[in-house]
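Colleague: Below is the file data-v9.cif, with mmCIF, C-alpha atoms, pLDDT in the B column; chains and numbers go by the auth columns.
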data_target
#
loop_
_atom_site.group_PDB
_atom_site.id
_atom_site.type_symbol
_atom_site.label_atom_id
_atom_site.label_comp_id
_atom_site.label_asym_id
_atom_site.label_seq_id
_atom_site.Cartn_x
_atom_site.Cartn_y
_atom_site.Cartn_z
_atom_site.B_iso_or_equiv
_atom_site.auth_seq_id
_atom_site.auth_asym_id
ATOM 1 C CA MET A 1 37.853 -41.321 26.666 56.00 1309 A
ATOM 2 C CA ALA A 2 37.083 -38.943 23.835 58.00 1310 A
ATOM 3 C CA MET A 3 37.043 -35.275 24.653 58.00 1311 A
ATOM 4 C CA THR A 4 34.257 -33.178 23.274 60.00 1312 A
ATOM 5 C CA THR A 5 34.793 -29.547 22.616 62.00 1313 A
ATOM 6 C CA GLN A 6 32.210 -26.850 22.584 57.00 1314 A
ATOM 7 C CA PRO A 7 31.863 -25.075 19.246 63.00 1315 A
ATOM 8 C CA ALA A 8 33.302 -21.604 19.120 62.00 1316 A
ATOM 9 C CA TYR A 9 30.624 -19.177 18.050 71.00 1317 A
ATOM 10 C CA ALA A 10 32.093 -16.183 16.336 73.00 1318 A
ATOM 11 C CA ARG A 11 28.845 -14.287 15.914 82.00 1319 A
ATOM 12 C CA PRO A 12 25.070 -14.687 15.904 89.00 1320 A
ATOM 13 C CA THR A 13 23.544 -16.065 12.717 91.00 1321 A
ATOM 14 C CA SER A 14 21.604 -13.801 10.362 90.00 1322 A
ATOM 15 C CA GLY A 15 18.422 -15.566 11.477 92.00 1323 A
ATOM 16 C CA GLN A 16 19.180 -14.829 15.117 92.00 1324 A
ATOM 17 C CA LEU A 17 19.941 -11.180 14.352 92.00 1325 A
ATOM 18 C CA GLY A 18 16.741 -10.765 12.330 92.00 1326 A
ATOM 19 C CA ALA A 19 14.530 -12.394 14.958 93.00 1327 A
ATOM 20 C CA THR A 20 16.142 -10.289 17.682 93.00 1328 A
ATOM 21 C CA ALA A 21 15.477 -7.091 15.730 94.00 1329 A
ATOM 22 C CA GLU A 22 11.824 -7.999 15.138 95.00 1330 A
ATOM 23 C CA ILE A 23 11.189 -8.736 18.811 95.00 1331 A
ATOM 24 C CA MET A 24 13.125 -5.624 19.861 95.00 1332 A
ATOM 25 C CA VAL A 25 11.046 -3.421 17.544 96.00 1333 A
ATOM 26 C CA ALA A 26 7.772 -5.018 18.668 97.00 1334 A
ATOM 27 C CA SER A 27 8.626 -4.544 22.346 97.00 1335 A
ATOM 28 C CA GLN A 28 10.035 -1.039 22.064 96.00 1336 A
ATOM 29 C CA LEU A 29 7.054 0.212 20.030 97.00 1337 A
ATOM 30 C CA MET A 30 4.720 -0.696 22.884 98.00 1338 A
ATOM 31 C CA LEU A 31 6.909 1.107 25.425 97.00 1339 A
ATOM 32 C CA ALA A 32 7.665 4.140 23.244 97.00 1340 A
ATOM 33 C CA SER A 33 3.962 4.696 22.506 98.00 1341 A
ATOM 34 C CA GLY A 34 3.070 4.700 26.197 98.00 1342 A
ATOM 35 C CA GLY A 35 1.037 1.553 25.654 98.00 1343 A
ATOM 36 C CA ARG A 36 -1.119 2.979 22.874 98.00 1344 A
ATOM 37 C CA LEU A 37 0.316 0.524 20.346 98.00 1345 A
ATOM 38 C CA SER A 38 0.238 -3.244 20.692 98.00 1346 A
ATOM 39 C CA SER A 39 2.535 -5.452 18.647 98.00 1347 A
ATOM 40 C CA TYR A 40 1.840 -8.943 17.392 96.00 1348 A
ATOM 41 C CA VAL A 41 4.341 -11.248 15.723 93.00 1349 A
ATOM 42 C CA PRO A 42 2.764 -13.595 13.151 91.00 1350 A
ATOM 43 C CA LEU A 43 3.598 -17.283 13.454 90.00 1351 A
ATOM 44 C CA VAL A 44 4.519 -17.255 9.768 85.00 1352 A
ATOM 45 C CA ASP A 45 5.744 -14.224 7.822 75.00 1353 A
ATOM 46 C CA ASP A 46 5.128 -15.504 4.301 75.00 1354 A
ATOM 47 C CA ASP A 47 2.861 -12.501 3.646 80.00 1355 A
ATOM 48 C CA GLY A 48 5.756 -10.071 4.035 84.00 1356 A
ATOM 49 C CA ILE A 49 4.624 -8.938 7.491 92.00 1357 A
ATOM 50 C CA ASP A 50 6.986 -9.423 10.432 94.00 1358 A
ATOM 51 C CA VAL A 51 5.035 -7.435 13.041 96.00 1359 A
ATOM 52 C CA MET A 52 1.409 -6.330 13.162 97.00 1360 A
ATOM 53 C CA VAL A 53 0.864 -3.060 15.011 98.00 1361 A
ATOM 54 C CA HIS A 54 -2.553 -2.392 16.534 98.00 1362 A
ATOM 55 C CA ASP A 55 -3.634 1.038 17.753 98.00 1363 A
ATOM 56 C CA LYS A 56 -5.766 0.746 20.898 98.00 1364 A
ATOM 57 C CA LEU A 57 -7.240 4.219 20.364 98.00 1365 A
ATOM 58 C CA THR A 58 -8.487 3.953 16.763 98.00 1366 A
ATOM 59 C CA HIS A 59 -8.748 0.131 16.663 98.00 1367 A
ATOM 60 C CA GLN A 60 -6.816 0.058 13.389 98.00 1368 A
ATOM 61 C CA SER A 61 -3.870 -2.161 12.480 98.00 1369 A
ATOM 62 C CA LEU A 62 -0.999 -2.054 10.043 97.00 1370 A
ATOM 63 C CA GLY A 63 1.814 -4.377 9.042 96.00 1371 A
ATOM 64 C CA LEU A 64 5.541 -3.832 9.261 97.00 1372 A
ATOM 65 C CA GLN A 65 8.152 -5.670 7.311 96.00 1373 A
ATOM 66 C CA ILE A 66 11.303 -5.254 9.352 96.00 1374 A
ATOM 67 C CA LYS A 67 14.770 -5.376 7.856 96.00 1375 A
ATOM 68 C CA SER A 68 17.728 -5.054 10.170 95.00 1376 A
ATOM 69 C CA TRP A 69 21.431 -4.395 10.148 94.00 1377 A
ATOM 70 C CA THR A 70 23.342 -5.115 13.353 93.00 1378 A
ATOM 71 C CA PHE A 71 26.746 -3.573 13.912 90.00 1379 A
ATOM 72 C CA LEU A 72 28.861 -6.212 15.637 88.00 1380 A
ATOM 73 C CA SER A 73 31.980 -4.045 15.886 86.00 1381 A
ATOM 74 C CA GLU A 74 32.839 -0.385 16.372 86.00 1382 A
ATOM 75 C CA ALA A 75 33.192 0.109 12.614 83.00 1383 A
ATOM 76 C CA ARG A 76 30.331 1.819 10.786 87.00 1384 A
ATOM 77 C CA PRO A 77 30.181 1.474 7.005 87.00 1385 A
ATOM 78 C CA GLN A 78 29.181 4.347 4.721 90.00 1386 A
ATOM 79 C CA THR A 79 25.985 2.503 3.813 92.00 1387 A
ATOM 80 C CA VAL A 80 24.032 -0.492 5.001 95.00 1388 A
ATOM 81 C CA GLN A 81 21.953 -2.663 2.692 96.00 1389 A
ATOM 82 C CA TYR A 82 18.417 -3.915 3.159 96.00 1390 A
ATOM 83 C CA ASP A 83 16.923 -6.260 0.562 96.00 1391 A
ATOM 84 C CA VAL A 84 13.193 -6.687 0.011 95.00 1392 A
ATOM 85 C CA GLY A 85 11.887 -9.545 -2.099 92.00 1393 A
ATOM 86 C CA ARG A 86 9.837 -8.311 -5.034 89.00 1394 A
ATOM 87 C CA THR A 87 7.551 -11.360 -5.007 85.00 1395 A
ATOM 88 C CA THR A 88 6.412 -10.801 -1.399 81.00 1396 A
ATOM 89 C CA TRP A 89 6.219 -6.990 -1.466 88.00 1397 A
ATOM 90 C CA ARG A 90 3.066 -5.133 -2.392 89.00 1398 A
ATOM 91 C CA ASP A 91 1.749 -1.601 -2.472 91.00 1399 A
ATOM 92 C CA ASP A 92 -0.720 -1.456 0.408 92.00 1400 A
ATOM 93 C CA ALA A 93 -1.758 1.602 2.422 92.00 1401 A
ATOM 94 C CA ARG A 94 -1.466 -0.443 5.625 94.00 1402 A
ATOM 95 C CA LEU A 95 2.007 -1.855 4.970 96.00 1403 A
ATOM 96 C CA PHE A 96 5.301 -0.186 5.862 98.00 1404 A
ATOM 97 C CA LEU A 97 8.928 -1.145 5.569 98.00 1405 A
ATOM 98 C CA LEU A 98 10.900 -0.447 8.729 98.00 1406 A
ATOM 99 C CA CYS A 99 14.669 -0.716 8.314 98.00 1407 A
ATOM 100 C CA VAL A 100 16.635 -0.574 11.547 97.00 1408 A
ATOM 101 C CA ALA A 101 20.328 -0.255 12.352 96.00 1409 A
ATOM 102 C CA ILE A 102 21.209 -1.672 15.762 94.00 1410 A
ATOM 103 C CA ASP A 103 24.335 -1.533 17.901 92.00 1411 A
ATOM 104 C CA GLY A 104 25.081 -5.203 18.539 88.00 1412 A
ATOM 105 C CA GLN A 105 26.961 -4.481 21.763 88.00 1413 A
ATOM 106 C CA THR A 106 24.283 -2.371 23.479 90.00 1414 A
ATOM 107 C CA ALA A 107 21.158 -3.549 21.594 88.00 1415 A
ATOM 108 C CA GLN A 108 20.272 0.110 21.052 91.00 1416 A
ATOM 109 C CA LEU A 109 18.620 1.465 17.932 93.00 1417 A
ATOM 110 C CA GLU A 110 21.045 3.706 16.038 94.00 1418 A
ATOM 111 C CA ALA A 111 18.776 4.626 13.131 95.00 1419 A
ATOM 112 C CA ALA A 112 15.503 3.656 11.541 97.00 1420 A
ATOM 113 C CA TRP A 113 13.884 4.323 8.193 98.00 1421 A
ATOM 114 C CA LEU A 114 10.095 3.999 8.010 98.00 1422 A
ATOM 115 C CA ILE A 115 8.907 3.857 4.406 98.00 1423 A
ATOM 116 C CA ALA A 116 5.321 3.513 3.188 97.00 1424 A
ATOM 117 C CA SER A 117 4.930 0.575 0.823 96.00 1425 A
ATOM 118 C CA ARG A 118 4.034 2.880 -2.079 95.00 1426 A
ATOM 119 C CA ASP A 119 7.451 4.578 -1.797 96.00 1427 A
ATOM 120 C CA VAL A 120 9.708 1.529 -1.448 96.00 1428 A
ATOM 121 C CA ALA A 121 10.264 0.881 -5.164 94.00 1429 A
ATOM 122 C CA ALA A 122 10.988 4.556 -5.847 95.00 1430 A
ATOM 123 C CA VAL A 123 13.863 4.708 -3.325 96.00 1431 A
ATOM 124 C CA SER A 124 15.226 1.238 -4.092 96.00 1432 A
ATOM 125 C CA ASN A 125 17.770 -0.090 -6.520 94.00 1433 A
ATOM 126 C CA LEU A 126 15.546 -2.446 -8.494 90.00 1434 A
ATOM 127 C CA ARG A 127 16.883 -5.881 -9.352 90.00 1435 A
ATOM 128 C CA SER A 128 15.118 -8.837 -10.916 90.00 1436 A
ATOM 129 C CA ARG A 129 14.243 -10.550 -7.616 93.00 1437 A
ATOM 130 C CA LYS A 130 14.705 -7.843 -5.006 95.00 1438 A
ATOM 131 C CA MET A 131 14.678 -4.189 -4.191 96.00 1439 A
ATOM 132 C CA SER A 132 17.821 -2.993 -2.412 97.00 1440 A
ATOM 133 C CA LEU A 133 17.909 0.020 -0.143 97.00 1441 A
ATOM 134 C CA THR A 134 21.310 1.419 0.859 97.00 1442 A
ATOM 135 C CA PRO A 135 20.957 4.249 3.369 97.00 1443 A
ATOM 136 C CA ASN A 136 23.852 5.912 5.128 95.00 1444 A
ATOM 137 C CA PRO A 137 23.464 5.207 8.876 93.00 1445 A
ATOM 138 C CA ARG A 138 25.065 8.483 9.971 91.00 1446 A
ATOM 139 C CA ALA A 139 22.689 11.012 11.532 89.00 1447 A
ATOM 140 C CA ASN A 140 23.879 13.865 9.311 91.00 1448 A
ATOM 141 C CA SER A 141 23.404 11.976 6.033 92.00 1449 A
ATOM 142 C CA LYS A 142 21.510 13.828 3.306 95.00 1450 A
ATOM 143 C CA ASP A 143 20.928 10.800 1.067 96.00 1451 A
ATOM 144 C CA ARG A 144 17.622 9.922 -0.609 96.00 1452 A
ATOM 145 C CA TYR A 145 16.586 8.025 2.526 97.00 1453 A
ATOM 146 C CA ALA A 146 16.915 11.074 4.823 97.00 1454 A
ATOM 147 C CA PRO A 147 13.172 11.969 4.613 97.00 1455 A
ATOM 148 C CA TYR A 148 12.331 8.527 6.045 98.00 1456 A
ATOM 149 C CA ARG A 149 14.969 8.526 8.779 97.00 1457 A
ATOM 150 C CA LEU A 150 13.938 8.397 12.436 97.00 1458 A
ATOM 151 C CA ASN A 151 16.495 8.495 15.227 94.00 1459 A
ATOM 152 C CA ASP A 152 14.739 6.575 17.977 96.00 1460 A
ATOM 153 C CA MET A 153 11.806 4.281 18.627 96.00 1461 A
ATOM 154 C CA ALA A 154 9.752 7.150 20.091 97.00 1462 A
ATOM 155 C CA ALA A 155 9.890 8.851 16.679 98.00 1463 A
ATOM 156 C CA VAL A 156 8.817 5.591 14.995 98.00 1464 A
ATOM 157 C CA ALA A 157 5.896 5.248 17.435 98.00 1465 A
ATOM 158 C CA ASP A 158 4.901 8.896 16.912 98.00 1466 A
ATOM 159 C CA THR A 159 4.965 8.486 13.131 98.00 1467 A
ATOM 160 C CA LEU A 160 2.833 5.346 13.286 98.00 1468 A
ATOM 161 C CA THR A 161 0.295 6.948 15.631 98.00 1469 A
ATOM 162 C CA ALA A 162 0.070 9.885 13.206 98.00 1470 A
ATOM 163 C CA VAL A 163 -0.777 7.380 10.455 97.00 1471 A
ATOM 164 C CA PHE A 164 -3.523 5.941 12.634 98.00 1472 A
ATOM 165 C CA ASP A 165 -4.832 9.418 13.512 97.00 1473 A
ATOM 166 C CA ALA A 166 -4.954 10.555 9.862 94.00 1474 A
#
What would the structure in this file look like if it were written as structure tokens?

Modeller:
Amino acid sequence: MAMTTQPAYARPTSGQLGATAEIMVASQLMLASGGRLSSYVPLVDDDGIDVMVHDKLTHQSLGLQIKSWTFLSEARPQTVQYDVGRTTWRDDARLFLLCVAIDGQTAQLEAAWLIASRDVAAVSNLRSRKMSLTPNPRANSKDRYAPYRLNDMAAVADTLTAVFDA
């Protein structure tokens, strides 16, 4: 009789980590906004939108492209890297890039950077096919990403509701 062994999984795949981050952001935005914001996940994200956010008060919506970095150990690098495809990205007043750094042990948000689409190219390292953003995840960082940094999902929700209220 042949014995079968279960595969040893060393870590979640990048696809699993990305999907987890998108669902986490969508769920936490609804809670952090006190229910003012509703989140919708498109069936297909080929338009560069991972989560649609709808404001129940103003009846407006905007799109978020979410890029995530999940720390799977205690170590924290000096910078984390988020890559945005240049062919799918566009300058649109209702599109934002939300980069999140997540503790993989606790599933807690450690840092977030919310960047309007018009600003993404200016703070990126431009390459032929992608724009790379490399913020320092430490709270006291004074890098070029510091103006976009938010420390919790309540701050992200507050910033988005301010966009809707403007």

Colleague: Using only C-alpha atoms, determine which residues lie at most 10 Å from Leu1365 (chain A), disregarding the query and same-chain residues fewer than 5 positions distant; provide the list as a PyMOL selection string.

Modeller: chain A and resi 1344-1345+1469+1472-1473

Colleague: When you draw a straight line from CA of Asp1363 (chain A) to CA of Pro1455 (chain A), how long is it in Å?

Modeller: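 These atoms are spaced 24.0 Å apart.
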
Colleague: Mind dumping a table of every region 1317-1384 of chain A residue within 8 Å of region 1404-1426 of chain A, with the nearest atom pair and its distance in Å to one decimal, using only C-alpha atoms, sorted by chain and rising number, as JSON lines?

Modeller:
{"residue": "A:Ala1329", "atom": "CA", "partner": "A:Val1408", "partner_atom": "CA", "distance": 7.8}
{"residue": "A:Leu1370", "atom": "CA", "partner": "A:Phe1404", "partner_atom": "CA", "distance": 7.8}
{"residue": "A:Gly1371", "atom": "CA", "partner": "A:Phe1404", "partner_atom": "CA", "distance": 6.3}
{"residue": "A:Leu1372", "atom": "CA", "partner": "A:Phe1404", "partner_atom": "CA", "distance": 5.0}
{"residue": "A:Gln1373", "atom": "CA", "partner": "A:Leu1405", "partner_atom": "CA", "distance": 4.9}
{"residue": "A:Ile1374", "atom": "CA", "partner": "A:Leu1406", "partner_atom": "CA", "distance": 4.9}
{"residue": "A:Lys1375", "atom": "CA", "partner": "A:Cys1407", "partner_atom": "CA", "distance": 4.7}
{"residue": "A:Ser1376", "atom": "CA", "partner": "A:Val1408", "partner_atom": "CA", "distance": 4.8}
{"residue": "A:Trp1377", "atom": "CA", "partner": "A:Ala1409", "partner_atom": "CA", "distance": 4.8}
{"residue": "A:Thr1378", "atom": "CA", "partner": "A:Ile1410", "partner_atom": "CA", "distance": 4.7}
{"residue": "A:Phe1379", "atom": "CA", "partner": "A:Asp1411", "partner_atom": "CA", "distance": 5.1}
{"residue": "A:Leu1380", "atom": "CA", "partner": "A:Gly1412", "partner_atom": "CA", "distance": 4.9}
{"residue": "A:Ser1381", "atom": "CA", "partner": "A:Gly1412", "partner_atom": "CA", "distance": 7.5}

Colleague: Please indicate the distance in Å from CA of Asp1451 (chain A) to CA of Val1388 (chain A), rounded to one decimal place.

Modeller: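 Those two atoms sit 12.4 Å apart.
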
Colleague: Which residues of region 1309-1402 of chain A have any atom within 6 Å of an atom in region 1435-1447 of chain A when counting only C-alpha atoms, and what is the closest pair of atoms for each, with the distance in Å to one decimal? Order the rows by chain and rising number and write it as CSV.

Modeller:
residue,atom,partner,partner_atom,distance
A:Gln1386,CA,A:Asn1444,CA,5.6
A:Thr1387,CA,A:Asn1444,CA,4.2
A:Val1388,CA,A:Thr1442,CA,5.3
A:Gln1389,CA,A:Thr1442,CA,4.5
A:Tyr1390,CA,A:Leu1441,CA,5.2
A:Asp1391,CA,A:Ser1440,CA,4.5
A:Val1392,CA,A:Met1439,CA,5.1
A:Gly1393,CA,A:Lys1438,CA,4.4
A:Arg1394,CA,A:Lys1438,CA,4.9

Colleague: As a PyMOL selection string, please: the residues near Ile1331 (chain A) (cut-off 10 Å, all atoms listed in the file, same-chain neighbours under 2 positions excluded).

Modeller: chain A and resi 1326-1329+1333-1337+1347-1349+1358-1359

Colleague: Which residue is closest to Ser1369 (chain A)? Choose from A:Trp1397, A:Ala1462, A:Ile1357, A:Pro1320 and count all atoms listed in the file.

Modeller: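 Among the listed residues, the smallest separation from Ser1369 (chain A) belongs to A:Ile1357.
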
Colleague: By how many Å are CA of Thr1395 (chain A) and CA of Met1461 (chain A) apart?

Modeller: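 Computing the Euclidean distance for CA of Thr1395 (chain A) and CA of Met1461 (chain A) yields 28.7 Å.
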
Colleague: Would you please work out which residue, of A:Thr1321, A:Thr1467, A:Thr1396, A:Ser1449, is nearest to Ala1340 (chain A) when using only C-alpha atoms?

Modeller: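 Among A:Thr1321, A:Thr1467, A:Thr1396, A:Ser1449, it is A:Thr1467 that comes nearest to Ala1340 (chain A).
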